[in-house]
file my_file-v5.cif (mmCIF, C-alpha atoms and all ligand atoms)
data_model
loop_
_atom_site.label_atom_id
_atom_site.label_comp_id
_atom_site.auth_asym_id
_atom_site.auth_seq_id
_atom_site.Cartn_x
_atom_site.Cartn_y
_atom_site.Cartn_z
CA MET A 177 22.70 16.68 20.55
CA ASP A 178 20.27 18.75 22.63
CA ASN A 179 17.96 17.40 25.35
CA ASN A 180 15.02 16.93 22.97
CA ASP A 181 17.11 14.91 20.53
CA GLN A 182 18.47 12.81 23.37
CA LYS A 183 14.98 12.06 24.68
CA PHE A 184 13.86 11.12 21.15
CA GLU A 185 16.82 8.76 20.67
CA GLN A 186 16.19 7.20 24.09
CA ASN A 187 12.55 6.61 23.27
CA ILE A 188 13.48 4.97 19.97
CA ALA A 189 16.08 2.77 21.70
CA ASN A 190 13.61 1.79 24.44
CA GLU A 191 10.78 1.02 22.02
CA ILE A 192 8.65 3.87 23.37
CA MET A 193 6.39 5.12 20.60
CA ILE A 194 6.75 8.69 19.40
CA GLU A 195 3.46 10.59 19.68
CA PRO A 196 2.28 13.73 17.82
CA ARG A 197 3.11 16.19 20.62
CA ASP A 198 6.58 14.75 21.28
CA ASP A 199 9.64 16.57 20.02
CA MET A 200 11.11 14.82 17.03
CA PRO A 201 13.86 15.67 14.54
CA MET A 202 12.57 17.47 11.46
CA ALA A 203 14.02 14.75 9.20
CA TYR A 204 12.06 12.05 11.08
CA ARG A 205 8.86 14.06 10.65
CA LYS A 206 9.58 14.61 6.95
CA THR A 207 10.33 10.92 6.33
CA LEU A 208 7.09 9.91 8.01
CA ILE A 209 5.03 12.42 6.03
CA ARG A 210 6.66 11.09 2.85
CA GLN A 211 6.00 7.43 3.67
CA ILE A 212 2.55 7.79 5.27
CA GLY A 213 1.46 10.20 2.51
CA GLN A 214 2.63 7.79 -0.18
CA HIS A 215 0.89 4.98 1.63
CA ALA A 216 -2.39 6.95 1.88
CA HIS A 217 -2.24 7.81 -1.82
CA SER A 218 -1.62 4.13 -2.64
CA GLU A 219 -4.77 3.08 -0.81
CA VAL A 220 -6.88 5.63 -2.66
CA VAL A 221 -5.33 5.13 -6.12
CA GLY A 222 -5.56 1.39 -5.38
CA MET A 223 -9.35 1.70 -5.53
CA LEU A 224 -9.20 2.41 -9.27
CA PRO A 225 -8.05 -0.88 -10.87
CA GLU A 226 -10.51 -2.92 -8.79
CA GLY A 227 -13.30 -0.33 -8.90
CA ASN A 228 -13.11 -0.73 -12.65
CA TRP A 229 -14.66 -4.21 -12.25
CA ILE A 230 -17.54 -3.44 -9.86
CA THR A 231 -20.04 -3.16 -12.72
CA ARG A 232 -18.66 -6.32 -14.33
CA ALA A 233 -18.29 -8.64 -11.33
CA PRO A 234 -19.46 -12.13 -12.35
CA THR A 235 -22.10 -12.55 -9.60
CA LEU A 236 -24.06 -10.40 -7.16
CA LYS A 237 -22.04 -11.91 -4.29
CA ARG A 238 -18.73 -11.01 -5.95
CA LYS A 239 -20.02 -7.50 -6.65
CA ALA A 240 -21.03 -6.95 -3.01
CA VAL A 241 -17.67 -8.25 -1.76
CA LEU A 242 -15.73 -6.12 -4.21
CA MET A 243 -17.69 -2.98 -3.32
CA ALA A 244 -16.97 -3.59 0.37
CA LYS A 245 -13.28 -4.14 -0.34
CA VAL A 246 -12.94 -0.99 -2.42
CA GLN A 247 -14.70 1.00 0.33
CA ASP A 248 -12.29 -0.47 2.88
CA GLU A 249 -9.38 0.87 0.82
CA ALA A 250 -10.95 4.37 0.92
CA GLY A 251 -11.17 4.03 4.70
CA HIS A 252 -7.49 3.02 4.88
CA GLY A 253 -6.61 6.14 2.91
CA LEU A 254 -8.57 8.26 5.40
CA TYR A 255 -6.85 6.78 8.48
CA LEU A 256 -3.49 7.35 6.84
CA TYR A 257 -4.17 10.93 5.72
CA SER A 258 -5.26 11.61 9.31
CA ALA A 259 -2.03 10.04 10.62
CA ALA A 260 -0.03 12.31 8.27
CA GLU A 261 -2.03 15.32 9.51
CA THR A 262 -0.91 14.60 13.09
CA LEU A 263 2.59 15.42 11.81
CA GLY A 264 1.49 18.81 10.45
CA ALA A 265 0.90 17.68 6.85
CA ASP A 266 -1.97 19.34 5.01
CA ARG A 267 -4.37 17.05 3.14
CA ASP A 268 -5.08 19.50 0.31
CA ASP A 269 -1.37 19.98 -0.17
CA MET A 270 -0.79 16.19 -0.32
CA MET A 271 -3.54 15.86 -2.93
CA ASP A 272 -2.15 18.71 -4.99
CA LYS A 273 1.29 17.06 -4.92
CA LEU A 274 -0.15 13.70 -5.96
CA ILE A 275 -1.95 15.24 -8.92
CA ALA A 276 1.11 17.25 -9.91
CA GLY A 277 3.24 14.06 -9.84
CA ARG A 278 5.30 15.35 -6.91
CA MET A 279 4.22 12.62 -4.48
CA LYS A 280 4.44 8.92 -5.16
CA TYR A 281 2.03 6.01 -4.72
CA SER A 282 2.65 2.29 -5.06
CA SER A 283 3.88 1.20 -8.49
CA ILE A 284 1.48 -1.76 -8.48
CA PHE A 285 -1.57 0.38 -9.23
CA ASN A 286 -0.17 1.46 -12.58
CA TYR A 287 -0.97 -1.93 -14.11
CA PRO A 288 -4.33 -2.58 -15.81
CA THR A 289 -6.94 -5.12 -14.69
CA LEU A 290 -7.61 -6.90 -17.97
CA SER A 291 -9.82 -9.71 -16.68
CA TRP A 292 -11.81 -10.73 -13.61
CA ALA A 293 -8.90 -12.98 -12.65
CA ASP A 294 -6.73 -9.84 -12.33
CA VAL A 295 -9.13 -8.59 -9.65
CA ALA A 296 -8.71 -11.90 -7.80
CA ALA A 297 -4.93 -11.63 -8.24
CA ILE A 298 -4.92 -8.14 -6.75
CA GLY A 299 -6.85 -9.33 -3.69
CA TRP A 300 -4.60 -12.34 -3.23
CA LEU A 301 -1.14 -11.17 -4.34
CA VAL A 302 -1.27 -7.38 -3.91
CA ASP A 303 -3.10 -7.39 -0.59
CA GLY A 304 -0.91 -10.37 0.38
CA ALA A 305 2.23 -8.31 -0.31
CA ALA A 306 0.70 -5.32 1.48
CA ILE A 307 0.06 -7.47 4.57
CA VAL A 308 3.69 -8.63 4.73
CA ASN A 309 4.82 -5.00 4.58
CA GLN A 310 2.12 -3.69 6.90
CA VAL A 311 2.27 -6.29 9.66
CA ALA A 312 5.83 -5.04 10.19
CA LEU A 313 4.51 -1.46 10.23
CA CYS A 314 2.19 -2.27 13.18
CA ARG A 315 5.40 -1.92 15.26
CA THR A 316 6.62 1.22 13.53
CA SER A 317 7.96 3.86 15.92
CA TYR A 318 5.30 6.54 15.27
CA GLY A 319 2.16 5.85 17.35
CA PRO A 320 -0.64 7.06 15.02
CA TYR A 321 0.86 5.19 12.04
CA ALA A 322 1.31 1.97 14.04
CA ARG A 323 -2.25 2.09 15.38
CA ALA A 324 -3.73 2.78 11.93
CA MET A 325 -1.85 -0.23 10.61
CA VAL A 326 -3.36 -2.62 13.18
CA ARG A 327 -6.86 -2.01 11.88
CA ILE A 328 -5.78 -1.88 8.26
CA CYS A 329 -4.02 -5.25 8.56
CA LYS A 330 -7.18 -6.91 9.89
CA GLU A 331 -9.10 -5.72 6.84
CA GLU A 332 -6.30 -6.55 4.40
CA SER A 333 -6.25 -10.05 5.77
CA PHE A 334 -9.92 -10.48 4.81
CA HIS A 335 -9.12 -9.01 1.37
CA GLN A 336 -6.30 -11.45 0.83
CA ARG A 337 -8.48 -14.45 1.71
CA GLN A 338 -11.32 -13.34 -0.55
CA GLY A 339 -8.82 -12.86 -3.40
CA PHE A 340 -7.36 -16.32 -2.85
CA GLU A 341 -10.83 -17.86 -2.76
CA ALA A 342 -11.86 -16.09 -5.99
CA MET A 343 -8.63 -17.33 -7.58
CA MET A 344 -9.24 -20.88 -6.34
CA VAL A 345 -12.67 -20.92 -7.99
CA MET A 346 -11.07 -19.84 -11.28
CA ALA A 347 -8.18 -22.29 -10.97
CA GLN A 348 -10.63 -25.16 -10.35
CA GLY A 349 -12.97 -24.08 -13.14
CA SER A 350 -12.95 -24.77 -16.88
CA PRO A 351 -9.62 -24.95 -18.74
CA GLU A 352 -10.31 -21.42 -20.01
CA GLN A 353 -10.89 -20.15 -16.47
CA LYS A 354 -7.73 -21.87 -15.23
CA GLN A 355 -5.81 -20.20 -18.08
CA MET A 356 -7.25 -16.81 -17.07
CA ALA A 357 -6.04 -17.46 -13.51
CA GLN A 358 -2.55 -18.37 -14.78
CA ASP A 359 -2.43 -15.29 -17.03
CA ALA A 360 -3.30 -13.09 -14.06
CA VAL A 361 -0.50 -14.66 -11.98
CA ASN A 362 1.86 -14.12 -14.92
CA ARG A 363 0.87 -10.46 -15.07
CA TYR A 364 0.86 -9.69 -11.35
CA TRP A 365 3.67 -11.85 -9.88
CA TRP A 366 6.60 -9.61 -10.73
CA PRO A 367 4.82 -6.28 -10.11
CA ALA A 368 3.82 -7.66 -6.66
CA LEU A 369 7.50 -8.34 -5.90
CA MET A 370 8.29 -4.77 -6.97
CA MET A 371 5.91 -3.39 -4.33
CA PHE A 372 8.63 -3.91 -1.71
CA GLY A 373 10.81 -1.28 -3.39
CA PRO A 374 14.34 -1.39 -4.79
CA SER A 375 16.88 -3.96 -3.59
CA ASP A 376 18.57 -3.11 -0.29
CA ASP A 377 21.78 -1.93 -1.96
CA HIS A 378 19.75 0.57 -4.04
CA SER A 379 17.32 1.75 -1.37
CA PRO A 380 18.44 5.25 -0.32
CA ASN A 381 15.94 5.62 2.55
CA SER A 382 16.15 2.22 4.20
CA ALA A 383 19.17 2.65 6.50
CA GLN A 384 17.83 5.80 8.19
CA SER A 385 14.25 4.52 8.32
CA MET A 386 15.44 1.32 9.99
CA ALA A 387 17.61 3.24 12.46
CA TRP A 388 14.50 5.23 13.45
CA LYS A 389 12.49 1.98 13.57
CA ILE A 390 10.01 3.34 11.03
CA LYS A 391 10.86 0.28 8.95
CA ARG A 392 11.52 -2.91 10.93
CA PHE A 393 12.71 -5.01 8.00
CA SER A 394 14.50 -4.17 4.79
CA ASN A 395 12.85 -4.25 1.36
CA ASP A 396 14.62 -7.52 0.43
CA GLU A 397 13.77 -9.21 3.74
CA LEU A 398 10.07 -8.45 3.24
CA ARG A 399 10.18 -9.48 -0.43
CA GLN A 400 11.72 -12.83 0.59
CA LYS A 401 9.02 -13.34 3.21
CA PHE A 402 6.33 -12.71 0.59
CA VAL A 403 7.92 -15.19 -1.84
CA ASP A 404 8.22 -17.84 0.89
CA ASN A 405 4.59 -17.33 1.94
CA THR A 406 3.13 -17.19 -1.55
CA VAL A 407 4.89 -19.80 -3.70
CA PRO A 408 3.21 -22.69 -1.80
CA GLN A 409 -0.15 -20.96 -2.36
CA VAL A 410 0.45 -20.72 -6.12
CA LEU A 411 1.36 -24.41 -6.20
CA HIS A 412 -1.66 -25.32 -4.07
CA LEU A 413 -3.85 -23.71 -6.74
CA GLY A 414 -2.21 -25.91 -9.39
CA LEU A 415 -0.71 -22.80 -11.02
CA GLU A 416 2.85 -21.91 -11.92
CA VAL A 417 5.12 -19.11 -10.75
CA PRO A 418 6.35 -17.24 -13.84
CA ASP A 419 9.99 -17.45 -12.77
CA PRO A 420 12.26 -20.06 -14.41
CA ASP A 421 14.95 -19.39 -11.76
CA LEU A 422 12.70 -20.11 -8.79
CA LYS A 423 13.94 -22.95 -6.58
CA PHE A 424 13.66 -24.03 -2.97
CA ASN A 425 16.95 -24.02 -1.08
CA GLN A 426 16.86 -26.88 1.46
CA ASP A 427 19.76 -25.43 3.43
CA THR A 428 18.32 -21.96 3.99
CA GLY A 429 14.65 -22.99 3.98
CA HIS A 430 13.89 -20.16 1.55
CA TYR A 431 12.88 -19.92 -2.09
CA GLU A 432 15.50 -18.39 -4.35
CA TYR A 433 13.97 -16.26 -7.08
CA GLY A 434 15.15 -14.64 -10.32
CA GLU A 435 16.22 -11.05 -10.85
CA VAL A 436 13.41 -8.49 -10.59
CA ASN A 437 13.25 -6.16 -13.60
CA TRP A 438 14.47 -3.06 -11.75
CA GLN A 439 14.37 -0.98 -14.88
CA GLU A 440 10.63 -1.62 -15.14
CA LEU A 441 10.14 -0.60 -11.50
CA ASN A 442 12.12 2.61 -12.05
CA GLU A 443 10.11 3.43 -15.14
CA VAL A 444 6.78 2.92 -13.35
CA ILE A 445 7.92 4.97 -10.34
CA ALA A 446 9.05 7.71 -12.71
CA GLY A 447 5.50 7.97 -14.09
CA ARG A 448 6.00 5.91 -17.25
CA GLY A 449 4.06 2.74 -16.36
CA PRO A 450 1.12 1.40 -18.37
CA CYS A 451 -1.59 3.32 -16.46
CA ASN A 452 0.16 6.18 -14.62
CA HIS A 453 -1.47 8.89 -16.72
CA GLU A 454 -4.95 7.32 -16.44
CA ARG A 455 -4.68 6.94 -12.64
CA ILE A 456 -3.62 10.54 -12.03
CA GLU A 457 -6.29 11.81 -14.40
CA ALA A 458 -8.94 9.86 -12.47
CA ARG A 459 -7.70 11.31 -9.17
CA ARG A 460 -7.59 14.83 -10.64
CA LYS A 461 -11.18 14.56 -11.86
CA ALA A 462 -12.38 13.19 -8.51
CA TRP A 463 -10.52 15.89 -6.58
CA GLU A 464 -11.82 18.73 -8.73
CA GLY A 465 -15.33 17.27 -8.99
CA GLY A 466 -15.51 16.89 -5.20
CA LYS A 467 -14.55 20.50 -4.46
CA TRP A 468 -18.14 21.64 -3.91
CA VAL A 469 -18.64 18.88 -1.33
CA ARG A 470 -15.50 19.89 0.58
CA ASP A 471 -16.53 23.56 0.41
CA ALA A 472 -20.05 22.80 1.64
CA ALA A 473 -18.69 20.65 4.50
CA ALA A 474 -16.27 23.40 5.52
CA ILE A 475 -19.02 26.07 5.53
CA TYR A 476 -21.29 23.77 7.56
CA ALA A 477 -18.49 23.07 10.08
CA LYS A 478 -17.82 26.81 10.43
CA LYS A 479 -21.52 27.53 11.01
CA GLN A 480 -21.75 24.77 13.62
CA GLN A 481 -18.71 26.17 15.38
CA ALA A 482 -20.19 29.70 15.40
CA LEU A 483 -23.44 28.27 16.79
CA GLN A 484 -21.58 26.46 19.58
CA GLN A 485 -19.64 29.60 20.44
CA SER A 486 -22.79 31.73 20.58
CA LYS A 487 -24.34 29.14 22.97
CA VAL A 488 -21.28 29.27 25.28
CA ALA A 489 -21.37 33.10 25.26
N1 LIG B 1 6.19 2.13 -5.77
O1 LIG B 1 14.60 4.03 -0.44
P1 LIG B 1 13.36 3.28 -0.82
C1 LIG B 1 -2.28 -1.34 -0.40
C2 LIG B 1 10.10 4.89 -3.92
S1 LIG B 1 -1.23 -0.17 -0.94
C3 LIG B 1 6.36 3.47 -5.79
O2 LIG B 1 13.40 1.82 -0.67
P2 LIG B 1 11.42 3.53 1.31
C4 LIG B 1 -3.46 -1.70 -1.21
C5 LIG B 1 10.23 5.35 -2.48
O3 LIG B 1 9.06 6.00 -2.04
C6 LIG B 1 0.31 -0.58 -0.28
N2 LIG B 1 7.44 4.08 -5.24
O4 LIG B 1 12.13 3.94 -0.05
C7 LIG B 1 -4.35 -0.75 -1.60
C8 LIG B 1 11.41 6.26 -2.58
O5 LIG B 1 11.02 7.50 -3.16
P3 LIG B 1 11.19 8.93 -2.41
C9 LIG B 1 1.23 0.58 -0.30
C10 LIG B 1 8.34 3.28 -4.63
O6 LIG B 1 10.39 4.57 1.62
C11 LIG B 1 -5.43 -1.08 -2.41
C12 LIG B 1 12.30 5.62 -3.62
O7 LIG B 1 11.44 4.81 -4.40
N3 LIG B 1 2.14 0.36 0.79
O8 LIG B 1 -2.03 -1.85 0.61
O9 LIG B 1 12.43 3.24 2.38
C13 LIG B 1 -5.64 -2.39 -2.82
C14 LIG B 1 13.42 4.80 -3.05
O10 LIG B 1 12.92 3.65 -2.32
C15 LIG B 1 8.21 1.90 -4.57
C16 LIG B 1 2.95 1.28 1.26
O11 LIG B 1 3.06 2.37 0.75
C17 LIG B 1 7.08 1.31 -5.17
N4 LIG B 1 6.87 -0.01 -5.18
O12 LIG B 1 10.70 2.15 0.96
C18 LIG B 1 -4.73 -3.36 -2.39
C19 LIG B 1 3.71 0.85 2.47
N5 LIG B 1 9.28 1.39 -3.92
O13 LIG B 1 10.03 9.00 -1.46
C20 LIG B 1 -3.66 -3.04 -1.56
C21 LIG B 1 4.46 1.94 3.12
C22 LIG B 1 10.05 2.42 -3.60
O14 LIG B 1 12.50 8.91 -1.71
N6 LIG B 1 5.68 2.25 2.40
N7 LIG B 1 9.52 3.57 -4.02
O15 LIG B 1 11.07 9.96 -3.50
C23 LIG B 1 6.82 1.56 2.54
O16 LIG B 1 6.89 0.57 3.24
C24 LIG B 1 8.03 2.10 1.85
O17 LIG B 1 7.80 3.46 1.54
C25 LIG B 1 8.46 1.32 0.58
C26 LIG B 1 9.71 2.04 0.01
C27 LIG B 1 8.81 -0.11 0.92
C28 LIG B 1 7.35 1.34 -0.47
#
call {"tool": "encode", "arguments": {"input": "my_file-v5.cif", "output": "structure tokens"}}
result
Amino acid sequence: MDNNDQKFEQNIANEIMIEPRDDMPMAYRKTLIRQIGQHAHSEVVGMLPEGNWITRAPTLKRKAVLMAKVQDEAGHGLYLYSAAETLGADRDDMMDKLIAGRMKYSSIFNYPTLSWADVAAIGWLVDGAAIVNQVALCRTSYGPYARAMVRICKEESFHQRQGFEAMMVMAQGSPEQKQMAQDAVNRYWWPALMMFGPSDDHSPNSAQSMAWKIKRFSNDELRQKFVDNTVPQVLHLGLEVPDPDLKFNQDTGHYEYGEVNWQELNEVIAGRGPCNHERIEARRKAWEGGKWVRDAAAIYAKKQQALQQSKVA
């Protein structure tokens, strides 16, 4: 181990954050680019299923809230792409890889939003799962990622509450509305559990990521936390959790839940989920359609720079 590696290991052991200019092992840098890049893509692809309902939101208030939420997700993507850039990643390259299917994004966004209740379920369950994962990431060992997560968590927390409130209105509405709420929980419960990734004994990256303190908790620990937080909320709404094996264990103080359909998760991650093709197509169109804006911005920035330089000279 050379001096740089030793310093890095000491900083990790002493909870001193790693910053962009610090020396770091190449594998640590690569793991962070992989995770932060995937996370950034998830935020941006995550705009699609909810954005699909902006024109069909049931009231003006719901429309305004949903537009703000979807814009927040775009902002989260931007902080995260910037965090990845501090590691030397190139944004165009990340986008090209996403569109070519060579970079992942969260499995959850490959499910369709069939009703307004699905939009509420995403706010409540999906943002709720994201918060459990992301609160832990506020203490991740890489400074720019940790700091981005602090702000993102504050906004996700608002998203989760608005989703729960929208769900509560449905659950307390007509029998048809309550049924729509239950159907949405039935559709989104298991995919939300899958957001935390494969079980610990099938998670190839977890051990190293935890040793580097990128991840502070394992996939199963976070999944359990989400179940424990969320089951009482489902029951409070007068709805049911679509899991016949769910039971509260008095001794451990935790809910025990049934087996996640890992085959389904693997299929969705491999690009064969219900909406994978549609999501990537939408991103491809947006990326290609936005080229002239990026080109114009780059030319403008270059001109501004030349102007500044001529003033200095
Ligand atoms: N979906 O060894 P593992 C949001 C991949 S968006 C897809 O456990 P790791 C929001 C994994 O990448 C929230 N892929 O990996 C936005 C790995 O593949 P590679 C998104 C998954 O990295 C809008 C392989 O499977 N959050 O907040 O230790 C509206 C083996 O897995 C998934 C983040 O991205 C999955 N579910 O752990 C609303 C959080 N699970 O790269 C909300 C940051 C696993 O080796 N990411 N894979 O080819 C993480 O915390 C971790 O990357 C994961 C996976 C827990 C997701």
call {"tool": "closest_atom_pairs", "arguments": {"input": "my_file-v5.cif", "of": "chain A", "to": "ligand LIG 1 (chain B)", "cutoff": "7 Å", "atoms": "only C-alpha atoms and all ligand atoms", "output": "Markdown table"}}
result
| residue | atom | partner | partner_atom | distance |
| --- | --- | --- | --- | --- |
| A:Arg210 | CA | B:LIG1 | O13 | 5.9 |
| A:Gln211 | CA | B:LIG1 | O17 | 4.9 |
| A:Ile212 | CA | B:LIG1 | C21 | 6.5 |
| A:Gln214 | CA | B:LIG1 | O11 | 5.5 |
| A:His215 | CA | B:LIG1 | O11 | 3.5 |
| A:Ser218 | CA | B:LIG1 | S1 | 4.6 |
| A:Glu219 | CA | B:LIG1 | C7 | 3.9 |
| A:Val220 | CA | B:LIG1 | C11 | 6.9 |
| A:Gly222 | CA | B:LIG1 | C11 | 3.9 |
| A:Met223 | CA | B:LIG1 | C11 | 5.7 |
| A:Glu249 | CA | B:LIG1 | C11 | 5.5 |
| A:Lys280 | CA | B:LIG1 | N2 | 5.7 |
| A:Tyr281 | CA | B:LIG1 | C3 | 5.1 |
| A:Ser282 | CA | B:LIG1 | N1 | 3.6 |
| A:Ser283 | CA | B:LIG1 | N1 | 3.7 |
| A:Ile284 | CA | B:LIG1 | N4 | 6.6 |
| A:Ile298 | CA | B:LIG1 | C18 | 6.5 |
| A:Gly299 | CA | B:LIG1 | C18 | 6.5 |
| A:Val302 | CA | B:LIG1 | C20 | 5.5 |
| A:Asp303 | CA | B:LIG1 | C20 | 4.5 |
| A:Ala306 | CA | B:LIG1 | O8 | 4.5 |
| A:Asn309 | CA | B:LIG1 | O16 | 6.1 |
| A:Gln310 | CA | B:LIG1 | C19 | 6.5 |
| A:Met370 | CA | B:LIG1 | N4 | 5.3 |
| A:Met371 | CA | B:LIG1 | N4 | 3.6 |
| A:Phe372 | CA | B:LIG1 | C27 | 4.6 |
| A:Gly373 | CA | B:LIG1 | N5 | 3.1 |
| A:Pro374 | CA | B:LIG1 | O2 | 5.3 |
| A:Ser379 | CA | B:LIG1 | O1 | 3.7 |
| A:Pro380 | CA | B:LIG1 | O1 | 4.0 |
| A:Asn381 | CA | B:LIG1 | O1 | 3.6 |
| A:Ser382 | CA | B:LIG1 | O9 | 4.3 |
| A:Ser385 | CA | B:LIG1 | O9 | 6.3 |
| A:Lys391 | CA | B:LIG1 | O16 | 7.0 |
| A:Asn395 | CA | B:LIG1 | C27 | 5.8 |
| A:Ile445 | CA | B:LIG1 | C3 | 5.0 |
call {"tool": "write_last_selection", "arguments": {"input": "my_file-v5.cif", "atoms": "C-alpha atoms", "output": "PDB file, in the frame of the given file"}}
result
ATOM      1  CA  ARG A 210       6.660  11.090   2.850  1.00  0.00           C
ATOM      2  CA  GLN A 211       6.000   7.430   3.670  1.00  0.00           C
ATOM      3  CA  ILE A 212       2.550   7.790   5.270  1.00  0.00           C
ATOM      4  CA  GLN A 214       2.630   7.790  -0.180  1.00  0.00           C
ATOM      5  CA  HIS A 215       0.890   4.980   1.630  1.00  0.00           C
ATOM      6  CA  SER A 218      -1.620   4.130  -2.640  1.00  0.00           C
ATOM      7  CA  GLU A 219      -4.770   3.080  -0.810  1.00  0.00           C
ATOM      8  CA  VAL A 220      -6.880   5.630  -2.660  1.00  0.00           C
ATOM      9  CA  GLY A 222      -5.560   1.390  -5.380  1.00  0.00           C
ATOM     10  CA  MET A 223      -9.350   1.700  -5.530  1.00  0.00           C
ATOM     11  CA  GLU A 249      -9.380   0.870   0.820  1.00  0.00           C
ATOM     12  CA  LYS A 280       4.440   8.920  -5.160  1.00  0.00           C
ATOM     13  CA  TYR A 281       2.030   6.010  -4.720  1.00  0.00           C
ATOM     14  CA  SER A 282       2.650   2.290  -5.060  1.00  0.00           C
ATOM     15  CA  SER A 283       3.880   1.200  -8.490  1.00  0.00           C
ATOM     16  CA  ILE A 284       1.480  -1.760  -8.480  1.00  0.00           C
ATOM     17  CA  ILE A 298      -4.920  -8.140  -6.750  1.00  0.00           C
ATOM     18  CA  GLY A 299      -6.850  -9.330  -3.690  1.00  0.00           C
ATOM     19  CA  VAL A 302      -1.270  -7.380  -3.910  1.00  0.00           C
ATOM     20  CA  ASP A 303      -3.100  -7.390  -0.590  1.00  0.00           C
ATOM     21  CA  ALA A 306       0.700  -5.320   1.480  1.00  0.00           C
ATOM     22  CA  ASN A 309       4.820  -5.000   4.580  1.00  0.00           C
ATOM     23  CA  GLN A 310       2.120  -3.690   6.900  1.00  0.00           C
ATOM     24  CA  MET A 370       8.290  -4.770  -6.970  1.00  0.00           C
ATOM     25  CA  MET A 371       5.910  -3.390  -4.330  1.00  0.00           C
ATOM     26  CA  PHE A 372       8.630  -3.910  -1.710  1.00  0.00           C
ATOM     27  CA  GLY A 373      10.810  -1.280  -3.390  1.00  0.00           C
ATOM     28  CA  PRO A 374      14.340  -1.390  -4.790  1.00  0.00           C
ATOM     29  CA  SER A 379      17.320   1.750  -1.370  1.00  0.00           C
ATOM     30  CA  PRO A 380      18.440   5.250  -0.320  1.00  0.00           C
ATOM     31  CA  ASN A 381      15.940   5.620   2.550  1.00  0.00           C
ATOM     32  CA  SER A 382      16.150   2.220   4.200  1.00  0.00           C
ATOM     33  CA  SER A 385      14.250   4.520   8.320  1.00  0.00           C
ATOM     34  CA  LYS A 391      10.860   0.280   8.950  1.00  0.00           C
ATOM     35  CA  ASN A 395      12.850  -4.250   1.360  1.00  0.00           C
ATOM     36  CA  ILE A 445       7.920   4.970 -10.340  1.00  0.00           C
TER      37      ILE A 445
END
call {"tool": "atom_distance", "arguments": {"input": "my_file-v5.cif", "atom1": "CA of Met200 in chain A", "atom2": "CA of Lys183 in chain A"}}
result
9.0 Å
call {"tool": "residues_around", "arguments": {"input": "my_file-v5.cif", "residues": "Trp463 in chain A", "least_positions_apart": "6", "cutoff": "9 Å", "atoms": "all atoms listed in the file", "output": "list of chain:residue names"}}
result
A:Met271, A:Asp272, A:Ile275
call {"tool": "write_last_selection", "arguments": {"input": "my_file-v5.cif", "atoms": "C-alpha atoms", "output": "PDB file, in the frame of the given file"}}
result
ATOM      1  CA  MET A 271      -3.540  15.860  -2.930  1.00  0.00           C
ATOM      2  CA  ASP A 272      -2.150  18.710  -4.990  1.00  0.00           C
ATOM      3  CA  ILE A 275      -1.950  15.240  -8.920  1.00  0.00           C
TER       4      ILE A 275
END
call {"tool": "closest_residue", "arguments": {"input": "my_file-v5.cif", "among": "A:Gln353, A:Gln426, A:Gln186, A:Thr406", "to": "Ala368 in chain A", "atoms": "all atoms listed in the file"}}
result
A:Thr406
call {"tool": "residues_around", "arguments": {"input": "my_file-v5.cif", "residues": "range 286-293 of chain A", "least_positions_apart": "6", "cutoff": "8 Å", "atoms": "all atoms listed in the file", "output": "list of chain:residue names"}}
result
A:Pro225, A:Glu226, A:Asn228, A:Trp229, A:Ala233, A:Pro234, A:Ala342, A:Met343, A:Met346, A:Met356, A:Ala357, A:Ala360, A:Val444, A:Gly449, A:Pro450, A:Cys451, A:Asn452, A:Arg455
call {"tool": "closest_residue", "arguments": {"input": "my_file-v5.cif", "among": "A:Pro408, A:Gly319, A:Pro367, A:Pro196", "to": "Glu440 in chain A", "atoms": "all atoms listed in the file"}}
result
A:Pro367
call {"tool": "atom_distance", "arguments": {"input": "my_file-v5.cif", "atom1": "CA of Tyr364 in chain A", "atom2": "CA of Arg323 in chain A"}}
result
29.4 Å
call {"tool": "residues_around", "arguments": {"input": "my_file-v5.cif", "residues": "Ala276 in chain A", "least_positions_apart": "4", "cutoff": "12 Å", "atoms": "only C-alpha atoms", "output": "PDB file with C-alpha atoms, in the coordinates of the input"}}
result
ATOM      1  CA  ASP A 269      -1.370  19.980  -0.170  1.00  0.00           C
ATOM      2  CA  MET A 270      -0.790  16.190  -0.320  1.00  0.00           C
ATOM      3  CA  MET A 271      -3.540  15.860  -2.930  1.00  0.00           C
ATOM      4  CA  ASP A 272      -2.150  18.710  -4.990  1.00  0.00           C
ATOM      5  CA  LYS A 280       4.440   8.920  -5.160  1.00  0.00           C
ATOM      6  CA  GLY A 447       5.500   7.970 -14.090  1.00  0.00           C
ATOM      7  CA  HIS A 453      -1.470   8.890 -16.720  1.00  0.00           C
ATOM      8  CA  ILE A 456      -3.620  10.540 -12.030  1.00  0.00           C
ATOM      9  CA  GLU A 457      -6.290  11.810 -14.400  1.00  0.00           C
ATOM     10  CA  ARG A 459      -7.700  11.310  -9.170  1.00  0.00           C
ATOM     11  CA  ARG A 460      -7.590  14.830 -10.640  1.00  0.00           C
TER      12      ARG A 460
END
call {"tool": "atom_distance", "arguments": {"input": "my_file-v5.cif", "atom1": "CA of Val246 in chain A", "atom2": "CA of Glu341 in chain A"}}
result
17.0 Å
call {"tool": "closest_atom_pairs", "arguments": {"input": "my_file-v5.cif", "of": "range 329-383 of chain A", "to": "range 241-244 of chain A", "cutoff": "10 Å", "atoms": "only C-alpha atoms", "output": "CSV"}}
result
residue,atom,partner,partner_atom,distance
A:His335,CA,A:Leu242,CA,9.1
A:Gln338,CA,A:Val241,CA,8.2
A:Gly339,CA,A:Leu242,CA,9.7
call {"tool": "closest_residue", "arguments": {"input": "my_file-v5.cif", "among": "A:Glu397, A:Asp248, A:Asp268, A:Asp294", "to": "Glu332 in chain A", "atoms": "only C-alpha atoms"}}
result
A:Asp248
